[in-house]
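The file coords11.cif contains mmCIF, C-alpha atoms:
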data_my_file
#
loop_
_atom_site.label_atom_id
_atom_site.label_comp_id
_atom_site.auth_asym_id
_atom_site.auth_seq_id
_atom_site.Cartn_x
_atom_site.Cartn_y
_atom_site.Cartn_z
CA MET A 76 144.10 -74.04 120.10
CA ASP A 77 142.95 -75.69 116.86
CA GLY A 78 145.83 -77.12 114.87
CA VAL A 79 148.28 -76.49 117.74
CA LEU A 80 146.86 -78.10 120.88
CA TYR A 81 144.24 -80.18 119.08
CA ASP A 82 144.29 -82.04 115.77
CA SER A 83 140.91 -80.53 115.00
CA MET A 84 141.17 -78.64 111.75
CA LEU A 85 139.70 -81.38 109.54
CA ASN A 86 136.56 -81.40 111.69
CA HIS A 87 136.35 -77.62 111.51
CA ALA A 88 136.74 -77.68 107.73
CA ILE A 89 133.89 -80.18 107.37
CA ALA A 90 131.68 -78.24 109.78
CA TRP A 91 132.31 -75.00 107.90
CA GLN A 92 131.40 -76.58 104.55
CA ARG A 93 128.22 -78.23 105.83
CA SER A 94 126.96 -75.21 107.74
CA MET A 95 127.67 -72.56 105.13
CA GLN A 96 126.00 -74.65 102.44
CA LYS A 97 122.74 -74.19 104.36
CA PHE A 98 123.04 -70.43 103.80
CA GLY A 99 124.00 -70.61 100.13
CA ILE A 100 127.69 -70.05 100.77
CA SER A 101 130.30 -72.22 99.02
CA MET A 102 133.23 -72.78 101.38
CA THR A 103 136.00 -75.24 100.60
CA ALA A 104 138.38 -76.99 102.98
CA ALA A 105 141.12 -74.70 101.66
CA ASP A 106 138.99 -71.68 102.61
CA ALA A 107 138.60 -73.05 106.14
CA TYR A 108 142.35 -73.51 106.57
CA ALA A 109 143.19 -70.14 105.02
CA THR A 110 140.81 -68.22 107.31
CA GLU A 111 141.54 -70.25 110.43
CA GLY A 112 142.23 -68.19 113.53
CA ALA A 113 139.95 -65.32 112.52
CA ARG A 114 136.76 -64.73 114.45
CA GLY A 115 134.07 -66.94 112.95
CA VAL A 116 131.68 -64.03 112.50
CA ASP A 117 134.34 -62.09 110.59
CA THR A 118 134.92 -65.02 108.24
CA ILE A 119 131.19 -65.34 107.61
CA ARG A 120 130.69 -61.65 106.92
CA MET A 121 133.58 -61.72 104.46
CA MET A 122 132.24 -64.79 102.62
CA VAL A 123 128.71 -63.37 102.42
CA LYS A 124 130.05 -60.10 101.02
CA GLN A 125 132.20 -61.90 98.46
CA GLN A 126 129.60 -64.41 97.28
CA LEU A 127 126.23 -62.77 97.89
CA GLY A 128 127.30 -59.17 97.52
CA ARG A 129 125.71 -57.89 100.71
CA ASP A 130 126.78 -56.76 104.14
CA ILE A 131 125.34 -58.53 107.16
CA SER A 132 125.37 -57.53 110.80
CA GLU A 133 127.51 -59.26 113.40
CA GLU A 134 124.28 -60.57 114.96
CA GLU A 135 123.23 -62.28 111.72
CA ALA A 136 126.73 -63.67 111.27
CA GLN A 137 126.59 -65.00 114.84
CA ARG A 138 123.39 -66.89 114.06
CA MET A 139 125.13 -68.50 111.08
CA TYR A 140 128.18 -69.26 113.20
CA ASP A 141 125.93 -70.98 115.74
CA GLU A 142 125.06 -73.49 113.00
CA LYS A 143 128.74 -74.05 112.31
CA THR A 144 129.24 -74.68 116.04
CA ARG A 145 126.36 -77.18 116.04
CA GLN A 146 127.82 -79.05 113.09
CA PHE A 147 131.26 -79.17 114.76
CA HIS A 148 129.90 -80.68 117.95
CA LEU A 149 128.11 -83.43 115.98
CA MET A 150 131.52 -84.77 114.98
CA PRO A 151 133.78 -87.12 116.97
CA GLU A 152 135.94 -85.51 119.65
CA THR A 153 139.34 -84.54 118.32
CA ARG A 154 142.60 -85.79 119.78
CA ILE A 155 145.31 -83.81 121.47
CA MET A 156 148.11 -83.04 119.03
CA PRO A 157 151.03 -85.52 119.34
CA GLY A 158 153.88 -84.03 121.34
CA ILE A 159 151.77 -81.45 123.16
CA PRO A 160 151.54 -83.16 126.59
CA GLU A 161 155.32 -83.63 126.75
CA LEU A 162 156.01 -80.10 125.48
CA LEU A 163 153.72 -78.46 128.02
CA ALA A 164 155.22 -80.51 130.84
CA LEU A 165 158.70 -79.42 129.77
CA LEU A 166 157.77 -75.74 129.61
CA HIS A 167 155.97 -75.99 132.96
CA ASP A 168 159.10 -77.45 134.57
CA TYR A 169 161.01 -74.34 133.49
CA GLY A 170 158.37 -71.97 134.80
CA ILE A 171 157.04 -70.92 131.40
CA GLU A 172 153.32 -70.17 131.65
CA MET A 173 150.78 -71.10 129.01
CA GLY A 174 148.04 -68.94 127.53
CA VAL A 175 145.59 -69.64 124.73
CA VAL A 176 144.55 -67.08 122.12
CA THR A 177 141.77 -68.48 119.95
CA GLY A 178 139.31 -67.18 117.38
CA SER A 179 136.69 -69.43 118.95
CA GLY A 180 134.47 -68.58 121.88
CA GLN A 181 132.54 -71.81 122.30
CA ARG A 182 132.15 -72.67 125.98
CA PRO A 183 132.43 -76.46 125.45
CA LEU A 184 135.84 -75.94 123.84
CA ILE A 185 136.99 -73.72 126.70
CA ASP A 186 135.82 -76.37 129.17
CA ARG A 187 137.80 -79.02 127.33
CA LEU A 188 140.93 -76.86 127.40
CA LEU A 189 140.65 -76.65 131.17
CA LYS A 190 139.95 -80.38 131.47
CA ASP A 191 142.92 -81.40 129.32
CA PHE A 192 145.42 -78.74 130.35
CA GLY A 193 144.16 -77.43 133.69
CA GLN A 194 147.47 -78.19 135.37
CA TYR A 195 149.16 -75.70 133.02
CA LEU A 196 146.40 -73.25 132.09
CA GLN A 197 144.29 -70.77 134.05
CA VAL A 198 140.93 -69.69 132.69
CA GLU A 199 142.03 -66.06 133.11
CA HIS A 200 144.76 -66.72 130.54
CA ILE A 201 142.36 -67.77 127.77
CA THR A 202 141.60 -65.10 125.15
CA THR A 203 138.58 -65.82 122.94
CA ALA A 204 136.76 -64.15 120.06
CA TYR A 205 134.57 -62.35 122.59
CA ASP A 206 137.49 -60.56 124.24
CA VAL A 207 138.29 -58.40 121.21
CA LYS A 208 136.42 -56.45 118.58
CA ARG A 209 139.06 -57.12 115.91
CA GLY A 210 140.24 -60.70 115.53
CA LYS A 211 143.27 -62.15 113.80
CA PRO A 212 145.10 -61.09 111.58
CA ASN A 213 144.95 -57.92 113.67
CA PRO A 214 147.31 -57.91 116.65
CA ASP A 215 144.47 -57.30 119.13
CA PRO A 216 143.99 -60.93 120.27
CA TYR A 217 147.67 -61.37 121.11
CA LEU A 218 147.88 -57.97 122.74
CA MET A 219 144.93 -59.01 124.91
CA GLY A 220 146.72 -62.29 125.61
CA LEU A 221 149.74 -60.36 126.87
CA LYS A 222 147.47 -58.27 129.09
CA LYS A 223 145.72 -61.32 130.52
CA ALA A 224 149.07 -62.98 131.23
CA GLY A 225 150.01 -60.15 133.57
CA ASN A 226 150.65 -57.19 131.28
CA LEU A 227 153.62 -58.87 129.63
CA ARG A 228 155.68 -57.01 127.06
CA PRO A 229 155.91 -58.53 123.56
CA TRP A 230 159.49 -59.75 124.04
CA GLU A 231 158.44 -61.68 127.16
CA ALA A 232 156.25 -64.07 125.16
CA ILE A 233 156.36 -66.57 122.30
CA VAL A 234 153.49 -67.22 119.90
CA VAL A 235 152.99 -70.72 118.46
CA GLU A 236 150.70 -70.65 115.41
CA ASN A 237 149.63 -72.96 112.62
CA ALA A 238 147.62 -70.53 110.48
CA PRO A 239 148.70 -67.66 108.21
CA LEU A 240 146.29 -65.18 109.82
CA GLY A 241 147.51 -66.17 113.26
CA VAL A 242 151.16 -65.77 112.27
CA ARG A 243 150.38 -62.33 110.88
CA ALA A 244 148.65 -61.39 114.14
CA GLY A 245 151.58 -62.56 116.27
CA VAL A 246 154.07 -60.68 114.12
CA ALA A 247 151.89 -57.55 114.19
CA ALA A 248 151.90 -57.75 117.99
CA ARG A 249 155.74 -57.80 117.79
CA ILE A 250 155.95 -61.19 119.52
CA PHE A 251 158.49 -63.84 118.45
CA THR A 252 156.28 -66.15 116.38
CA ILE A 253 156.88 -69.85 115.74
CA ALA A 254 154.88 -71.44 112.92
CA VAL A 255 154.02 -75.14 113.03
CA ASN A 256 152.55 -76.34 109.74
CA THR A 257 150.13 -79.03 110.90
CA GLY A 258 147.78 -78.52 107.94
CA PRO A 259 147.80 -78.78 104.14
CA LEU A 260 148.95 -75.23 103.36
CA PRO A 261 152.43 -74.69 101.86
CA ASN A 262 155.21 -73.61 104.20
CA ALA A 263 155.48 -70.36 102.26
CA SER A 264 152.00 -69.35 103.41
CA LEU A 265 153.36 -69.18 106.98
CA LEU A 266 156.86 -67.89 106.27
CA ASP A 267 155.56 -65.13 104.01
CA GLU A 268 153.55 -63.79 106.95
CA GLY A 269 156.78 -63.26 108.89
CA ALA A 270 157.15 -66.37 111.06
CA ASN A 271 160.51 -66.37 112.85
CA LEU A 272 160.80 -70.18 112.84
CA LEU A 273 158.96 -73.00 111.10
CA PHE A 274 158.41 -76.62 112.15
CA SER A 275 156.50 -79.34 110.34
CA ASP A 276 154.73 -80.64 113.45
CA MET A 277 154.48 -80.28 117.22
CA LEU A 278 156.89 -83.17 117.75
CA GLY A 279 159.58 -81.18 115.94
CA LEU A 280 158.91 -78.16 118.13
CA LYS A 281 159.06 -80.31 121.26
CA GLN A 282 162.41 -81.76 120.17
CA ALA A 283 163.79 -78.27 119.52
CA PHE A 284 162.91 -77.21 123.05
CA ILE A 285 164.55 -80.36 124.44
CA GLU A 286 167.73 -79.76 122.46
CA ASN A 287 167.86 -76.14 123.66
CA ARG A 288 166.60 -76.69 127.17
CA ASP A 289 169.63 -74.91 128.64
CA LEU A 290 168.34 -71.67 127.13
CA LEU A 291 165.12 -72.08 129.10
CA GLN A 292 167.06 -71.72 132.33
CA LEU A 293 168.36 -68.25 131.47
#

Would you mind writing the structure in this file as structure tokens?
Amino acid sequence: MDGVLYDSMLNHAIAWQRSMQKFGISMTAADAYATEGARGVDTIRMMVKQQLGRDISEEEAQRMYDEKTRQFHLMPETRIMPGIPELLALLHDYGIEMGVVTGSGQRPLIDRLLKDFGQYLQVEHITTAYDVKRGKPNPDPYLMGLKKAGNLRPWEAIVVENAPLGVRAGVAARIFTIAVNTGPLPNASLLDEGANLLFSDMLGLKQAFIENRDLLQL
């Protein structure tokens, strides 16, 4: 979702920094990009352990994540990533279904997904942080995504990811994984996690599908 469908990662990075500061946690924009895709509560528990030297419960982490959510929704609405509407229309024309596997679970974000992409996306095909106990980089979110899509096998799907942890999760689920580097991280951070292909933006991915559209008919 974030960094693939929406150009939203800068807002998330700012919200992470502002919210965690309230709890005595120093989180940089680089930290936000590097941990993107993981469940928010998992990121918080990791940061608290690293910086404050204590373990916190998932319930306490959730209360901290609620503040991050509040900060995010104070910011301007993010735009759809350039190239996404055309890409989804192309895939839809060839009968390729869309699912979303996100580390978020915020209802307003799910509602926006359905508003923006309801012609391509069913709510049953959205996997959130609350559908799994282990988030990315574990394979569990993508395995759940396969299940929600109709018990697909790994080779019947393609993962599109922008974050290292997400790429690692897709690869661990044995799904062909395309990395799109829409953020500030080096390409190596995605390729080193095992991405099968790499594009610099969604427009490049869209163009690749157009140039190979004959393969979509197989």

So what do you get for atom CA of Arg93 of chain A versus atom CA of Arg145 of chain A, distance-wise?
->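 These atoms are spaced 10.4 Å apart.
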
Just say which residues the PyMOL selection byres ((chain A and resi 271-284) around 7) picks in this file, as a ChimeraX atom specification.
-> /A:157-159,162,251-257,269-270,285-288

For the structure provided, state which residues fall under the PyMOL selection byres ((chain A and resi 105-117) around 7), and present them as a PDB file with C-alpha atoms, keeping the file's coordinate frame.
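Now in selection.pdb:
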ATOM      1  CA  ALA A  88     136.740 -77.680 107.730  1.00  0.00           C
ATOM      2  CA  TRP A  91     132.310 -75.000 107.900  1.00  0.00           C
ATOM      3  CA  MET A 102     133.230 -72.780 101.380  1.00  0.00           C
ATOM      4  CA  THR A 103     136.000 -75.240 100.600  1.00  0.00           C
ATOM      5  CA  ALA A 104     138.380 -76.990 102.980  1.00  0.00           C
ATOM      6  CA  THR A 118     134.920 -65.020 108.240  1.00  0.00           C
ATOM      7  CA  ILE A 119     131.190 -65.340 107.610  1.00  0.00           C
ATOM      8  CA  ARG A 120     130.690 -61.650 106.920  1.00  0.00           C
ATOM      9  CA  MET A 121     133.580 -61.720 104.460  1.00  0.00           C
ATOM     10  CA  GLU A 133     127.510 -59.260 113.400  1.00  0.00           C
ATOM     11  CA  ALA A 136     126.730 -63.670 111.270  1.00  0.00           C
ATOM     12  CA  GLN A 137     126.590 -65.000 114.840  1.00  0.00           C
ATOM     13  CA  TYR A 140     128.180 -69.260 113.200  1.00  0.00           C
ATOM     14  CA  THR A 177     141.770 -68.480 119.950  1.00  0.00           C
ATOM     15  CA  GLY A 178     139.310 -67.180 117.380  1.00  0.00           C
ATOM     16  CA  SER A 179     136.690 -69.430 118.950  1.00  0.00           C
ATOM     17  CA  ALA A 204     136.760 -64.150 120.060  1.00  0.00           C
ATOM     18  CA  GLY A 210     140.240 -60.700 115.530  1.00  0.00           C
ATOM     19  CA  LYS A 211     143.270 -62.150 113.800  1.00  0.00           C
ATOM     20  CA  PRO A 212     145.100 -61.090 111.580  1.00  0.00           C
ATOM     21  CA  ALA A 238     147.620 -70.530 110.480  1.00  0.00           C
ATOM     22  CA  PRO A 239     148.700 -67.660 108.210  1.00  0.00           C
ATOM     23  CA  LEU A 240     146.290 -65.180 109.820  1.00  0.00           C
ATOM     24  CA  GLY A 241     147.510 -66.170 113.260  1.00  0.00           C
TER      25      GLY A 241
END

With only C-alpha atoms as the atoms that count, which of A:Tyr205, A:Tyr217, A:Trp230, A:Phe147 lies nearest to Gly174 of chain A?
-> A:Tyr217

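Between atom CA of Asn213 of chain A and atom CA of Ser83 of chain A lies a distance of 23.0 Å.
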
With the file shown as input, list the residues that the PyMOL selection byres ((chain A and resi 182) around 12) selects, as a list of chain:residue names.
->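 Applied to this file, the PyMOL selection byres ((chain A and resi 182) around 12) selects A:Thr144, A:His148, A:Ser179, A:Gly180, A:Gln181, A:Pro183, A:Leu184, A:Ile185, A:Asp186, A:Arg187, A:Leu188, A:Leu189, A:Val198, A:Ile201, A:Thr203, A:Ala204, A:Tyr205.
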
Export of prior selection with C-alpha atoms as a PDB file, keeping the file's coordinate frame:
ATOM      1  CA  THR A 144     129.240 -74.680 116.040  1.00  0.00           C
ATOM      2  CA  HIS A 148     129.900 -80.680 117.950  1.00  0.00           C
ATOM      3  CA  SER A 179     136.690 -69.430 118.950  1.00  0.00           C
ATOM      4  CA  GLY A 180     134.470 -68.580 121.880  1.00  0.00           C
ATOM      5  CA  GLN A 181     132.540 -71.810 122.300  1.00  0.00           C
ATOM      6  CA  PRO A 183     132.430 -76.460 125.450  1.00  0.00           C
ATOM      7  CA  LEU A 184     135.840 -75.940 123.840  1.00  0.00           C
ATOM      8  CA  ILE A 185     136.990 -73.720 126.700  1.00  0.00           C
ATOM      9  CA  ASP A 186     135.820 -76.370 129.170  1.00  0.00           C
ATOM     10  CA  ARG A 187     137.800 -79.020 127.330  1.00  0.00           C
ATOM     11  CA  LEU A 188     140.930 -76.860 127.400  1.00  0.00           C
ATOM     12  CA  LEU A 189     140.650 -76.650 131.170  1.00  0.00           C
ATOM     13  CA  VAL A 198     140.930 -69.690 132.690  1.00  0.00           C
ATOM     14  CA  ILE A 201     142.360 -67.770 127.770  1.00  0.00           C
ATOM     15  CA  THR A 203     138.580 -65.820 122.940  1.00  0.00           C
ATOM     16  CA  ALA A 204     136.760 -64.150 120.060  1.00  0.00           C
ATOM     17  CA  TYR A 205     134.570 -62.350 122.590  1.00  0.00           C
TER      18      TYR A 205
END

Pick from A:Leu163, A:Ala248, A:Leu80, A:Met173 nearest to Met219 of chain A, counting all atoms listed in the file |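 The shortest atom-to-atom distance to Met219 of chain A comes from A:Ala248.
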
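Between Met156 of chain A and the candidates A:Val242, A:Val207, A:Met122, A:Met76, the tightest atom-to-atom separation, counting all atoms listed in the file, involves A:Met76.
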
Of the candidates A:Gln194, A:Asn86, A:Ser101, A:Gln126, which one gets nearest to Met150 of chain A if we count all atoms listed in the file?
->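 Selected residue with least distance to Met150 of chain A: A:Asn86.
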
Given the choices A:Ser264, A:Glu142, A:His200, A:Gly128, which gets closest to Leu227 of chain A if the distance is worked out from all atoms listed in the file?
->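 Ranked by minimum distance to Leu227 of chain A, first place goes to A:His200.
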
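Between atom CA of His87 of chain A and atom CA of Gly193 of chain A the interatomic distance comes to 23.5 Å.
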
Residue neighbourhood Asp82 of chain A, 8 Å, all atoms listed in the file, exclusion window fewer than 4 positions, as a list in words = Asp77, Gly78, Thr153, Arg154, Ile155 and Met156 of chain A

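Residue nearest Lys222 of chain A within the list A:Asn237, A:Gln146, A:Gln197, A:Thr202: A:Thr202 [criterion: smallest interatomic distance, all atoms listed in the file].
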
Kindly extract all protein, DNA and RNA residues lying within 12 Å of the coordinates (160.0, -71.7, 131.5) given in the file, considering only C-alpha atoms, and supply them as a VMD selection string.
-> chain A and resid 162 to 173 195 231 to 233 284 287 to 293
